[in-house]
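**Student:** Input file: upload21.pdb. Contents: PDB, C-alpha atoms.
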```
ATOM      1  CA  MET X   1     -14.380  21.676 -33.334  1.00  0.00           C
ATOM      2  CA  GLU X   2     -10.884  20.699 -34.445  1.00  0.00           C
ATOM      3  CA  GLU X   3      -9.442  23.438 -32.269  1.00  0.00           C
ATOM      4  CA  LEU X   4     -11.362  22.085 -29.277  1.00  0.00           C
ATOM      5  CA  ILE X   5     -10.090  18.555 -29.918  1.00  0.00           C
ATOM      6  CA  LYS X   6      -6.533  19.862 -30.104  1.00  0.00           C
ATOM      7  CA  ARG X   7      -6.943  21.638 -26.781  1.00  0.00           C
ATOM      8  CA  VAL X   8      -8.334  18.498 -25.141  1.00  0.00           C
ATOM      9  CA  GLU X   9      -5.424  16.450 -26.474  1.00  0.00           C
ATOM     10  CA  GLU X  10      -2.989  19.054 -25.207  1.00  0.00           C
ATOM     11  CA  LEU X  11      -4.598  18.988 -21.758  1.00  0.00           C
ATOM     12  CA  GLU X  12      -4.357  15.196 -21.671  1.00  0.00           C
ATOM     13  CA  LYS X  13      -0.674  15.359 -22.579  1.00  0.00           C
ATOM     14  CA  ASN X  14      -0.031  17.928 -19.856  1.00  0.00           C
ATOM     15  CA  THR X  15      -1.883  15.777 -17.322  1.00  0.00           C
ATOM     16  CA  GLN X  16       0.177  12.715 -18.230  1.00  0.00           C
ATOM     17  CA  LYS X  17       3.351  14.769 -18.045  1.00  0.00           C
ATOM     18  CA  SER X  18       2.412  16.074 -14.589  1.00  0.00           C
ATOM     19  CA  SER X  19       1.708  12.532 -13.373  1.00  0.00           C
ATOM     20  CA  ARG X  20       5.098  11.338 -14.602  1.00  0.00           C
ATOM     21  CA  GLU X  21       6.846  14.307 -13.010  1.00  0.00           C
ATOM     22  CA  ARG X  22       5.090  13.675  -9.699  1.00  0.00           C
ATOM     23  CA  GLU X  23       6.119  10.019  -9.790  1.00  0.00           C
ATOM     24  CA  LEU X  24       9.725  10.987 -10.508  1.00  0.00           C
ATOM     25  CA  LEU X  25       9.673  13.532  -7.701  1.00  0.00           C
ATOM     26  CA  LEU X  26       8.291  11.026  -5.203  1.00  0.00           C
ATOM     27  CA  ASN X  27      10.907   8.466  -6.230  1.00  0.00           C
ATOM     28  CA  ARG X  28      13.667  11.046  -5.884  1.00  0.00           C
ATOM     29  CA  ILE X  29      12.458  12.003  -2.409  1.00  0.00           C
ATOM     30  CA  CYS X  30      12.419   8.320  -1.447  1.00  0.00           C
ATOM     31  CA  GLU X  31      15.970   7.867  -2.728  1.00  0.00           C
ATOM     32  CA  LEU X  32      17.159  10.836  -0.684  1.00  0.00           C
ATOM     33  CA  GLU X  33      15.398   9.532   2.421  1.00  0.00           C
ATOM     34  CA  ASP X  34      16.964   6.099   1.912  1.00  0.00           C
ATOM     35  CA  LEU X  35      20.360   7.763   1.571  1.00  0.00           C
ATOM     36  CA  VAL X  36      19.887   9.721   4.793  1.00  0.00           C
ATOM     37  CA  GLU X  37      18.781   6.545   6.569  1.00  0.00           C
ATOM     38  CA  ASP X  38      21.849   4.649   5.329  1.00  0.00           C
ATOM     39  CA  LEU X  39      24.166   7.448   6.423  1.00  0.00           C
ATOM     40  CA  THR X  40      22.509   7.545   9.836  1.00  0.00           C
ATOM     41  CA  LEU X  41      22.975   3.793  10.271  1.00  0.00           C
ATOM     42  CA  GLN X  42      26.610   4.030   9.234  1.00  0.00           C
ATOM     43  CA  LEU X  43      27.159   6.836  11.716  1.00  0.00           C
ATOM     44  CA  LYS X  44      25.632   4.780  14.507  1.00  0.00           C
ATOM     45  CA  LYS X  45      27.790   1.777  13.637  1.00  0.00           C
ATOM     46  CA  SER X  46      30.932   3.906  13.655  1.00  0.00           C
ATOM     47  CA  LYS X  47      30.341   4.953  17.249  1.00  0.00           C
ATOM     48  CA  LYS X  48      31.468   2.811  20.144  1.00  0.00           C
ATOM     49  CA  THR X  49      28.762   0.723  21.709  1.00  0.00           C
ATOM     50  CA  ILE X  50      27.724   2.096  25.082  1.00  0.00           C
ATOM     51  CA  ARG X  51      25.695  -0.048  27.422  1.00  0.00           C
ATOM     52  CA  THR X  52      22.686   1.889  28.648  1.00  0.00           C
ATOM     53  CA  PRO X  53      19.689   0.788  30.689  1.00  0.00           C
ATOM     54  CA  VAL X  54      16.569  -0.051  28.721  1.00  0.00           C
ATOM     55  CA  ALA X  55      14.007   2.706  29.070  1.00  0.00           C
ATOM     56  CA  PRO X  56      10.356   1.799  29.573  1.00  0.00           C
ATOM     57  CA  LYS X  57       8.084   2.283  26.612  1.00  0.00           C
ATOM     58  CA  GLU X  58       6.366   5.620  26.411  1.00  0.00           C
ATOM     59  CA  SER X  59       2.619   5.400  26.102  1.00  0.00           C
ATOM     60  CA  LEU X  60       1.019   7.570  23.442  1.00  0.00           C
ATOM     61  CA  ALA X  61      -2.743   7.641  23.806  1.00  0.00           C
ATOM     62  CA  ILE X  62      -4.918   9.289  21.193  1.00  0.00           C
ATOM     63  CA  ASN X  63      -8.318  10.177  22.581  1.00  0.00           C
ATOM     64  CA  ASN X  64     -11.080   9.264  20.180  1.00  0.00           C
ATOM     65  CA  ALA X  65     -13.154  12.247  21.298  1.00  0.00           C
ATOM     66  CA  SER X  66     -10.519  14.879  20.562  1.00  0.00           C
ATOM     67  CA  LYS X  67     -11.605  15.646  16.998  1.00  0.00           C
ATOM     68  CA  LYS X  68     -13.629  18.790  16.349  1.00  0.00           C
ATOM     69  CA  THR X  69     -16.200  19.655  13.754  1.00  0.00           C
ATOM     70  CA  ASN X  70     -16.600  23.017  12.074  1.00  0.00           C
ATOM     71  CA  ALA X  71     -18.993  23.876  14.877  1.00  0.00           C
ATOM     72  CA  GLN X  72     -16.139  23.228  17.323  1.00  0.00           C
ATOM     73  CA  GLU X  73     -18.069  20.453  19.046  1.00  0.00           C
ATOM     74  CA  ASP X  74     -16.222  17.351  20.178  1.00  0.00           C
ATOM     75  CA  GLU X  75     -17.311  14.145  18.518  1.00  0.00           C
ATOM     76  CA  PRO X  76     -15.805  10.663  18.202  1.00  0.00           C
ATOM     77  CA  TRP X  77     -14.233   9.627  14.903  1.00  0.00           C
ATOM     78  CA  LEU X  78     -13.020   6.043  15.426  1.00  0.00           C
ATOM     79  CA  PHE X  79     -15.726   3.364  15.677  1.00  0.00           C
ATOM     80  CA  TYR X  80     -16.270  -0.376  15.641  1.00  0.00           C
ATOM     81  CA  CYS X  81     -19.436  -2.129  14.508  1.00  0.00           C
ATOM     82  CA  PRO X  82     -20.678  -5.738  14.246  1.00  0.00           C
ATOM     83  CA  LYS X  83     -20.278  -7.849  11.124  1.00  0.00           C
ATOM     84  CA  ASN X  84     -22.486  -7.272   8.102  1.00  0.00           C
ATOM     85  CA  LYS X  85     -23.687  -3.855   9.190  1.00  0.00           C
ATOM     86  CA  PRO X  86     -25.174  -2.380   5.992  1.00  0.00           C
ATOM     87  CA  TYR X  87     -23.222   0.364   4.262  1.00  0.00           C
ATOM     88  CA  GLU X  88     -26.294   2.588   4.021  1.00  0.00           C
ATOM     89  CA  GLU X  89     -26.950   2.197   7.745  1.00  0.00           C
ATOM     90  CA  ILE X  90     -23.407   3.292   8.593  1.00  0.00           C
ATOM     91  CA  LEU X  91     -23.795   6.344   6.363  1.00  0.00           C
ATOM     92  CA  ARG X  92     -27.108   7.179   7.984  1.00  0.00           C
ATOM     93  CA  ASN X  93     -25.860   6.727  11.552  1.00  0.00           C
ATOM     94  CA  LEU X  94     -22.839   8.961  10.970  1.00  0.00           C
ATOM     95  CA  ASP X  95     -24.625  11.391   8.647  1.00  0.00           C
ATOM     96  CA  PHE X  96     -22.201  10.864   5.761  1.00  0.00           C
ATOM     97  CA  SER X  97     -23.117  10.945   2.095  1.00  0.00           C
ATOM     98  CA  GLU X  98     -20.461   8.464   0.928  1.00  0.00           C
ATOM     99  CA  GLY X  99     -17.376   6.570   2.025  1.00  0.00           C
ATOM    100  CA  TYR X 100     -14.681   4.048   1.123  1.00  0.00           C
ATOM    101  CA  GLU X 101     -14.867   0.348   1.998  1.00  0.00           C
ATOM    102  CA  ILE X 102     -11.710  -1.763   2.217  1.00  0.00           C
ATOM    103  CA  THR X 103     -11.231  -5.438   3.067  1.00  0.00           C
ATOM    104  CA  SER X 104      -9.174  -6.321   6.129  1.00  0.00           C
ATOM    105  CA  SER X 105      -8.041  -9.708   4.791  1.00  0.00           C
ATOM    106  CA  ALA X 106      -5.991  -7.916   2.129  1.00  0.00           C
ATOM    107  CA  LEU X 107      -4.110  -5.801   4.679  1.00  0.00           C
ATOM    108  CA  VAL X 108      -1.210  -8.220   5.059  1.00  0.00           C
ATOM    109  CA  SER X 109       1.337  -5.426   4.645  1.00  0.00           C
ATOM    110  CA  GLU X 110       1.493  -1.656   4.877  1.00  0.00           C
ATOM    111  CA  GLU X 111       2.032  -1.496   1.114  1.00  0.00           C
ATOM    112  CA  ALA X 112      -1.195  -3.451   0.572  1.00  0.00           C
ATOM    113  CA  LEU X 113      -3.039  -1.098   2.915  1.00  0.00           C
ATOM    114  CA  TRP X 114      -1.986   2.088   1.130  1.00  0.00           C
ATOM    115  CA  THR X 115      -2.454   0.583  -2.314  1.00  0.00           C
ATOM    116  CA  GLN X 116      -6.033  -0.357  -1.470  1.00  0.00           C
ATOM    117  CA  ILE X 117      -6.731   3.096  -0.006  1.00  0.00           C
ATOM    118  CA  LEU X 118      -5.324   4.883  -3.061  1.00  0.00           C
ATOM    119  CA  GLU X 119      -7.279   2.640  -5.414  1.00  0.00           C
ATOM    120  CA  LYS X 120     -10.474   3.526  -3.555  1.00  0.00           C
ATOM    121  CA  MET X 121      -9.555   7.196  -3.910  1.00  0.00           C
ATOM    122  CA  ASN X 122      -9.271   6.657  -7.679  1.00  0.00           C
ATOM    123  CA  GLU X 123      -5.564   7.430  -7.734  1.00  0.00           C
ATOM    124  CA  GLU X 124      -4.254   6.483 -11.176  1.00  0.00           C
ATOM    125  CA  GLU X 125      -0.503   6.588 -10.561  1.00  0.00           C
ATOM    126  CA  ILE X 126       0.218   4.398  -7.515  1.00  0.00           C
ATOM    127  CA  PRO X 127       3.906   4.249  -6.493  1.00  0.00           C
ATOM    128  CA  LYS X 128       5.663   0.996  -5.679  1.00  0.00           C
ATOM    129  CA  LYS X 129       7.982   2.169  -2.907  1.00  0.00           C
ATOM    130  CA  LEU X 130       6.587   2.281   0.623  1.00  0.00           C
ATOM    131  CA  THR X 131       7.997   5.739   1.364  1.00  0.00           C
ATOM    132  CA  ALA X 132       6.360   7.141  -1.774  1.00  0.00           C
ATOM    133  CA  LEU X 133       3.080   5.426  -0.880  1.00  0.00           C
ATOM    134  CA  ARG X 134       3.149   7.003   2.570  1.00  0.00           C
ATOM    135  CA  LYS X 135       3.725  10.479   1.173  1.00  0.00           C
ATOM    136  CA  LEU X 136       0.979  10.193  -1.424  1.00  0.00           C
ATOM    137  CA  VAL X 137      -1.496   8.795   1.121  1.00  0.00           C
ATOM    138  CA  SER X 138      -0.682  11.644   3.511  1.00  0.00           C
ATOM    139  CA  VAL X 139      -1.429  14.175   0.776  1.00  0.00           C
ATOM    140  CA  GLN X 140      -4.675  12.462  -0.206  1.00  0.00           C
ATOM    141  CA  LEU X 141      -5.901  12.088   3.375  1.00  0.00           C
ATOM    142  CA  SER X 142      -5.128  15.731   4.155  1.00  0.00           C
ATOM    143  CA  SER X 143      -7.058  16.787   1.074  1.00  0.00           C
ATOM    144  CA  ALA X 144      -9.994  14.555   2.032  1.00  0.00           C
ATOM    145  CA  CYS X 145     -10.112  16.093   5.520  1.00  0.00           C
ATOM    146  CA  HIS X 146     -11.241  19.361   3.931  1.00  0.00           C
ATOM    147  CA  HIS X 147     -14.489  17.663   2.946  1.00  0.00           C
ATOM    148  CA  GLU X 148     -15.824  14.295   4.156  1.00  0.00           C
ATOM    149  CA  LEU X 149     -13.685  11.266   4.862  1.00  0.00           C
ATOM    150  CA  LEU X 150     -15.309   7.977   5.847  1.00  0.00           C
ATOM    151  CA  ILE X 151     -13.327   4.737   5.656  1.00  0.00           C
ATOM    152  CA  ILE X 152     -14.908   1.396   6.564  1.00  0.00           C
ATOM    153  CA  VAL X 153     -12.623  -1.593   7.177  1.00  0.00           C
ATOM    154  CA  ARG X 154     -14.627  -4.768   6.624  1.00  0.00           C
ATOM    155  CA  GLY X 155     -14.147  -8.264   8.029  1.00  0.00           C
ATOM    156  CA  ILE X 156     -11.749  -7.823  10.956  1.00  0.00           C
ATOM    157  CA  PRO X 157     -11.549 -11.274  12.611  1.00  0.00           C
ATOM    158  CA  GLY X 158     -11.569 -12.039  16.321  1.00  0.00           C
ATOM    159  CA  ASN X 159      -8.336 -11.869  18.308  1.00  0.00           C
ATOM    160  CA  GLU X 160      -8.067 -15.678  18.371  1.00  0.00           C
ATOM    161  CA  ASN X 161      -7.636 -15.663  14.598  1.00  0.00           C
ATOM    162  CA  PRO X 162      -3.937 -15.544  13.524  1.00  0.00           C
ATOM    163  CA  LEU X 163      -4.870 -12.988  10.865  1.00  0.00           C
ATOM    164  CA  PHE X 164      -5.920 -10.543  13.581  1.00  0.00           C
ATOM    165  CA  GLN X 165      -2.389 -10.034  14.903  1.00  0.00           C
ATOM    166  CA  LEU X 166      -1.067  -9.720  11.351  1.00  0.00           C
ATOM    167  CA  ILE X 167      -3.420  -6.969  10.211  1.00  0.00           C
ATOM    168  CA  LEU X 168      -3.841  -5.140  13.532  1.00  0.00           C
ATOM    169  CA  PRO X 169      -0.675  -2.992  13.161  1.00  0.00           C
ATOM    170  CA  HIS X 170      -1.746  -1.891   9.681  1.00  0.00           C
ATOM    171  CA  ILE X 171      -5.228  -0.948  10.869  1.00  0.00           C
ATOM    172  CA  ALA X 172      -3.665   1.066  13.687  1.00  0.00           C
ATOM    173  CA  THR X 173      -1.352   2.705  11.142  1.00  0.00           C
ATOM    174  CA  LEU X 174      -4.360   3.720   9.067  1.00  0.00           C
ATOM    175  CA  ALA X 175      -6.031   5.254  12.121  1.00  0.00           C
ATOM    176  CA  GLU X 176      -2.795   7.025  13.013  1.00  0.00           C
ATOM    177  CA  TYR X 177      -2.449   8.537   9.526  1.00  0.00           C
ATOM    178  CA  VAL X 178      -6.078   9.692   9.558  1.00  0.00           C
ATOM    179  CA  ASN X 179      -5.492  11.323  12.934  1.00  0.00           C
ATOM    180  CA  ILE X 180      -2.314  13.045  11.714  1.00  0.00           C
ATOM    181  CA  ALA X 181      -3.964  14.288   8.513  1.00  0.00           C
ATOM    182  CA  TRP X 182      -6.849  15.757  10.488  1.00  0.00           C
ATOM    183  CA  SER X 183      -4.548  17.381  13.039  1.00  0.00           C
ATOM    184  CA  GLU X 184      -2.460  19.018  10.309  1.00  0.00           C
ATOM    185  CA  VAL X 185      -5.523  20.569   8.688  1.00  0.00           C
ATOM    186  CA  GLU X 186      -6.885  21.528  12.099  1.00  0.00           C
ATOM    187  CA  ASN X 187      -3.666  23.345  12.994  1.00  0.00           C
ATOM    188  CA  SER X 188      -3.092  25.038   9.636  1.00  0.00           C
ATOM    189  CA  ASN X 189      -6.584  25.747   8.252  1.00  0.00           C
ATOM    190  CA  PRO X 190      -9.221  25.060  10.927  1.00  0.00           C
ATOM    191  CA  GLU X 191     -11.847  26.978   8.970  1.00  0.00           C
ATOM    192  CA  LEU X 192     -11.516  24.413   6.158  1.00  0.00           C
ATOM    193  CA  LEU X 193     -12.103  21.344   8.327  1.00  0.00           C
ATOM    194  CA  GLY X 194     -14.592  18.784   7.124  1.00  0.00           C
ATOM    195  CA  ARG X 195     -15.602  15.580   8.916  1.00  0.00           C
ATOM    196  CA  ILE X 196     -13.829  12.252   9.362  1.00  0.00           C
ATOM    197  CA  ALA X 197     -14.756   8.781  10.566  1.00  0.00           C
ATOM    198  CA  LEU X 198     -13.026   5.408  10.527  1.00  0.00           C
ATOM    199  CA  VAL X 199     -15.295   2.401  11.109  1.00  0.00           C
ATOM    200  CA  LEU X 200     -13.909  -1.051  11.929  1.00  0.00           C
ATOM    201  CA  GLU X 201     -16.266  -3.956  11.242  1.00  0.00           C
ATOM    202  CA  CYS X 202     -15.268  -6.629  13.771  1.00  0.00           C
ATOM    203  CA  GLU X 203     -16.292 -10.099  14.841  1.00  0.00           C
ATOM    204  CA  GLN X 204     -15.994  -8.948  18.453  1.00  0.00           C
ATOM    205  CA  ASP X 205     -15.882  -5.699  20.391  1.00  0.00           C
ATOM    206  CA  LEU X 206     -12.722  -3.724  19.703  1.00  0.00           C
ATOM    207  CA  LYS X 207     -12.564  -0.963  22.286  1.00  0.00           C
ATOM    208  CA  VAL X 208      -8.844  -0.184  22.086  1.00  0.00           C
ATOM    209  CA  LEU X 209      -6.224  -0.477  19.357  1.00  0.00           C
ATOM    210  CA  SER X 210      -2.802  -0.923  20.964  1.00  0.00           C
ATOM    211  CA  VAL X 211       0.322  -1.310  18.859  1.00  0.00           C
ATOM    212  CA  ASP X 212       4.000  -1.049  19.789  1.00  0.00           C
ATOM    213  CA  ARG X 213       6.034   1.454  17.772  1.00  0.00           C
ATOM    214  CA  GLY X 214       9.611   0.912  18.881  1.00  0.00           C
ATOM    215  CA  ASP X 215       9.856   2.635  22.257  1.00  0.00           C
ATOM    216  CA  THR X 216       6.287   3.914  22.049  1.00  0.00           C
ATOM    217  CA  ARG X 217       2.980   2.163  22.518  1.00  0.00           C
ATOM    218  CA  LEU X 218       0.181   3.665  20.455  1.00  0.00           C
ATOM    219  CA  SER X 219      -3.279   3.374  22.002  1.00  0.00           C
ATOM    220  CA  LEU X 220      -6.392   4.366  20.087  1.00  0.00           C
ATOM    221  CA  TYR X 221      -9.748   4.331  21.835  1.00  0.00           C
ATOM    222  CA  VAL X 222     -12.611   2.992  19.726  1.00  0.00           C
ATOM    223  CA  GLU X 223     -16.287   3.893  20.143  1.00  0.00           C
ATOM    224  CA  LYS X 224     -19.125   1.474  19.470  1.00  0.00           C
ATOM    225  CA  LEU X 225     -21.244   2.521  16.500  1.00  0.00           C
ATOM    226  CA  LEU X 226     -24.888   2.283  17.463  1.00  0.00           C
TER     227      LEU X 226
END
```
Represent the structure contained in this file as structure tokens.

**Tutor:**
Amino acid sequence: MEELIKRVEELEKNTQKSSRERELLLNRICELEDLVEDLTLQLKKSKKTIRTPVAPKESLAINNASKKTNAQEDEPWLFYCPKNKPYEEILRNLDFSEGYEITSSALVSEEALWTQILEKMNEEEIPKKLTALRKLVSVQLSSACHHELLIIVRGIPGNENPLFQLILPHIATLAEYVNIAWSEVENSNPELLGRIALVLECEQDLKVLSVDRGDTRLSLYVEKLL
């Protein structure tokens, strides 16, 4: 019995050590990325300013029906539903066994978005830096795409509410990351694909998510959940 207790304690120590090492690694990666970004900005500033015509924004449209199941059948993955739709009903309609629910009113920043997602995924060591949060979320979402991934965003207000314009970019970012995670698994290990769905609980119909990303406009088509 004592030997078993010692082994358990040793495993716990190794787990804690691995968590600390992962945190240090993520922070180091973030520092290197910040350094590269600073050097890039300095390089741009050192060049002479050249007046160039402003190019029109490129439109990047992600078709909601482009995701595939293991049976290789197209099915939508991004939905909106009316307020107060029961959790069990959403699970039943989409044939999921479980999912994560997050609150839209807390999505006032990208950091808040990823922190809430990681907390729902029971992540114990949540980084503080945005770049580290993004990397960890990408890893977790990719892992979840091997099984079942259902995320429900509750309480999205109507577009006349000032909060709507504040949280809309972060909701679109979440959808974009889910799409990227799925695509990466689809391209690398299609035989390991699971199922994904992102459900947006809205005060009004939300058929398209459109957000500007610099020179690109991201458009995500949203299906109504029956």

**Student:** One decimal, Å: what's the distance from atom CA of Ser142 of chain X over to atom CA of Ala112 of chain X, could you say?

**Tutor:**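 Computed distance, atom CA of Ser142 of chain X to atom CA of Ala112 of chain X, equals 19.9 Å.
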
**Student:** With only C-alpha atoms as the atoms that count, which of X:Lys128, X:Ala181, X:Val153, X:Gln116 lies nearest to Gln140 of chain X?

**Tutor:**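 Of all the options, X:Ala181 lies closest to Gln140 of chain X.
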
**Student:** Would you list the contacts of Ser104 of chain X as a list in words, taking every protein, DNA or RNA residue within 10 Å and counting all atoms listed in the file, but skipping same-chain residues closer than 2 positions in sequence?

**Tutor:** Glu101, Ile102, Ala106, Leu107, Val108, Leu113, Ile152, Val153, Arg154, Gly155, Ile156, Pro157, Leu163, Phe164, Ile167, Leu168, His170, Ile171, Leu200, Glu201 and Cys202 of chain X

**Student:** Let's have the selection written as a PDB file, in the frame of the given file, with C-alpha atoms.

**Tutor:**
```
ATOM      1  CA  GLU X 101     -14.867   0.348   1.998  1.00  0.00           C
ATOM      2  CA  ILE X 102     -11.710  -1.763   2.217  1.00  0.00           C
ATOM      3  CA  ALA X 106      -5.991  -7.916   2.129  1.00  0.00           C
ATOM      4  CA  LEU X 107      -4.110  -5.801   4.679  1.00  0.00           C
ATOM      5  CA  VAL X 108      -1.210  -8.220   5.059  1.00  0.00           C
ATOM      6  CA  LEU X 113      -3.039  -1.098   2.915  1.00  0.00           C
ATOM      7  CA  ILE X 152     -14.908   1.396   6.564  1.00  0.00           C
ATOM      8  CA  VAL X 153     -12.623  -1.593   7.177  1.00  0.00           C
ATOM      9  CA  ARG X 154     -14.627  -4.768   6.624  1.00  0.00           C
ATOM     10  CA  GLY X 155     -14.147  -8.264   8.029  1.00  0.00           C
ATOM     11  CA  ILE X 156     -11.749  -7.823  10.956  1.00  0.00           C
ATOM     12  CA  PRO X 157     -11.549 -11.274  12.611  1.00  0.00           C
ATOM     13  CA  LEU X 163      -4.870 -12.988  10.865  1.00  0.00           C
ATOM     14  CA  PHE X 164      -5.920 -10.543  13.581  1.00  0.00           C
ATOM     15  CA  ILE X 167      -3.420  -6.969  10.211  1.00  0.00           C
ATOM     16  CA  LEU X 168      -3.841  -5.140  13.532  1.00  0.00           C
ATOM     17  CA  HIS X 170      -1.746  -1.891   9.681  1.00  0.00           C
ATOM     18  CA  ILE X 171      -5.228  -0.948  10.869  1.00  0.00           C
ATOM     19  CA  LEU X 200     -13.909  -1.051  11.929  1.00  0.00           C
ATOM     20  CA  GLU X 201     -16.266  -3.956  11.242  1.00  0.00           C
ATOM     21  CA  CYS X 202     -15.268  -6.629  13.771  1.00  0.00           C
TER      22      CYS X 202
END
```

**Student:** Could you tell me which residues the PyMOL selection byres ((chain X and resi 183) around 12) grabs in this file, written as a PyMOL selection string?

**Tutor:** chain X and resi 62+66-69+138+141-142+145-146+176-182+184-190+193-196

**Student:** Quick one: of X:Leu150, X:Cys81, X:Leu136, X:Leu220, who's nearest to Gly99 of chain X, counting all atoms listed in the file?

**Tutor:**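 Looking at the shortest contact to Gly99 of chain X, the residue is X:Leu150.
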
**Student:** Please report the interatomic distance between atom CA of Leu192 of chain X and atom CA of Leu149 of chain X in Å with one decimal.

**Tutor:**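 Distance reported for this atom pair: 13.4 Å.
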
**Student:** So which one's closest to Leu198 of chain X, X:Lys120, X:Leu78, X:Lys85, X:His147? Using all atoms listed in the file, please.

**Tutor:**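 The shortest atom-to-atom distance to Leu198 of chain X comes from X:Leu78.
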
**Student:** Can you measure atom CA of Tyr100 of chain X to atom CA of Glu119 of chain X for me? One decimal in Å is fine.

**Tutor:** 10.0 Å

**Student:** Counting all atoms listed in the file, which residue out of X:Leu91, X:Pro82, X:Asn122, X:Pro76 sits closest to Glu203 of chain X?

**Tutor:**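 The closest residue to Glu203 of chain X is X:Pro82.
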
**Student:** Looking at X:Ser219, X:Val208, X:Glu148, X:Ala132, which one is nearest to Ser97 of chain X, with distances taken over all atoms listed in the file?

**Tutor:**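 Answer, going by the shortest atom-to-atom distance: X:Glu148.
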
**Student:** Report as a ChimeraX atom specification all protein, DNA and RNA residues lying within 9 Å of Leu133 of chain X, evaluated on only C-alpha atoms, omitting residues in the same chain fewer than 4 positions from it.

**Tutor:** /X:26,111,114-115,118,126-129,137-138
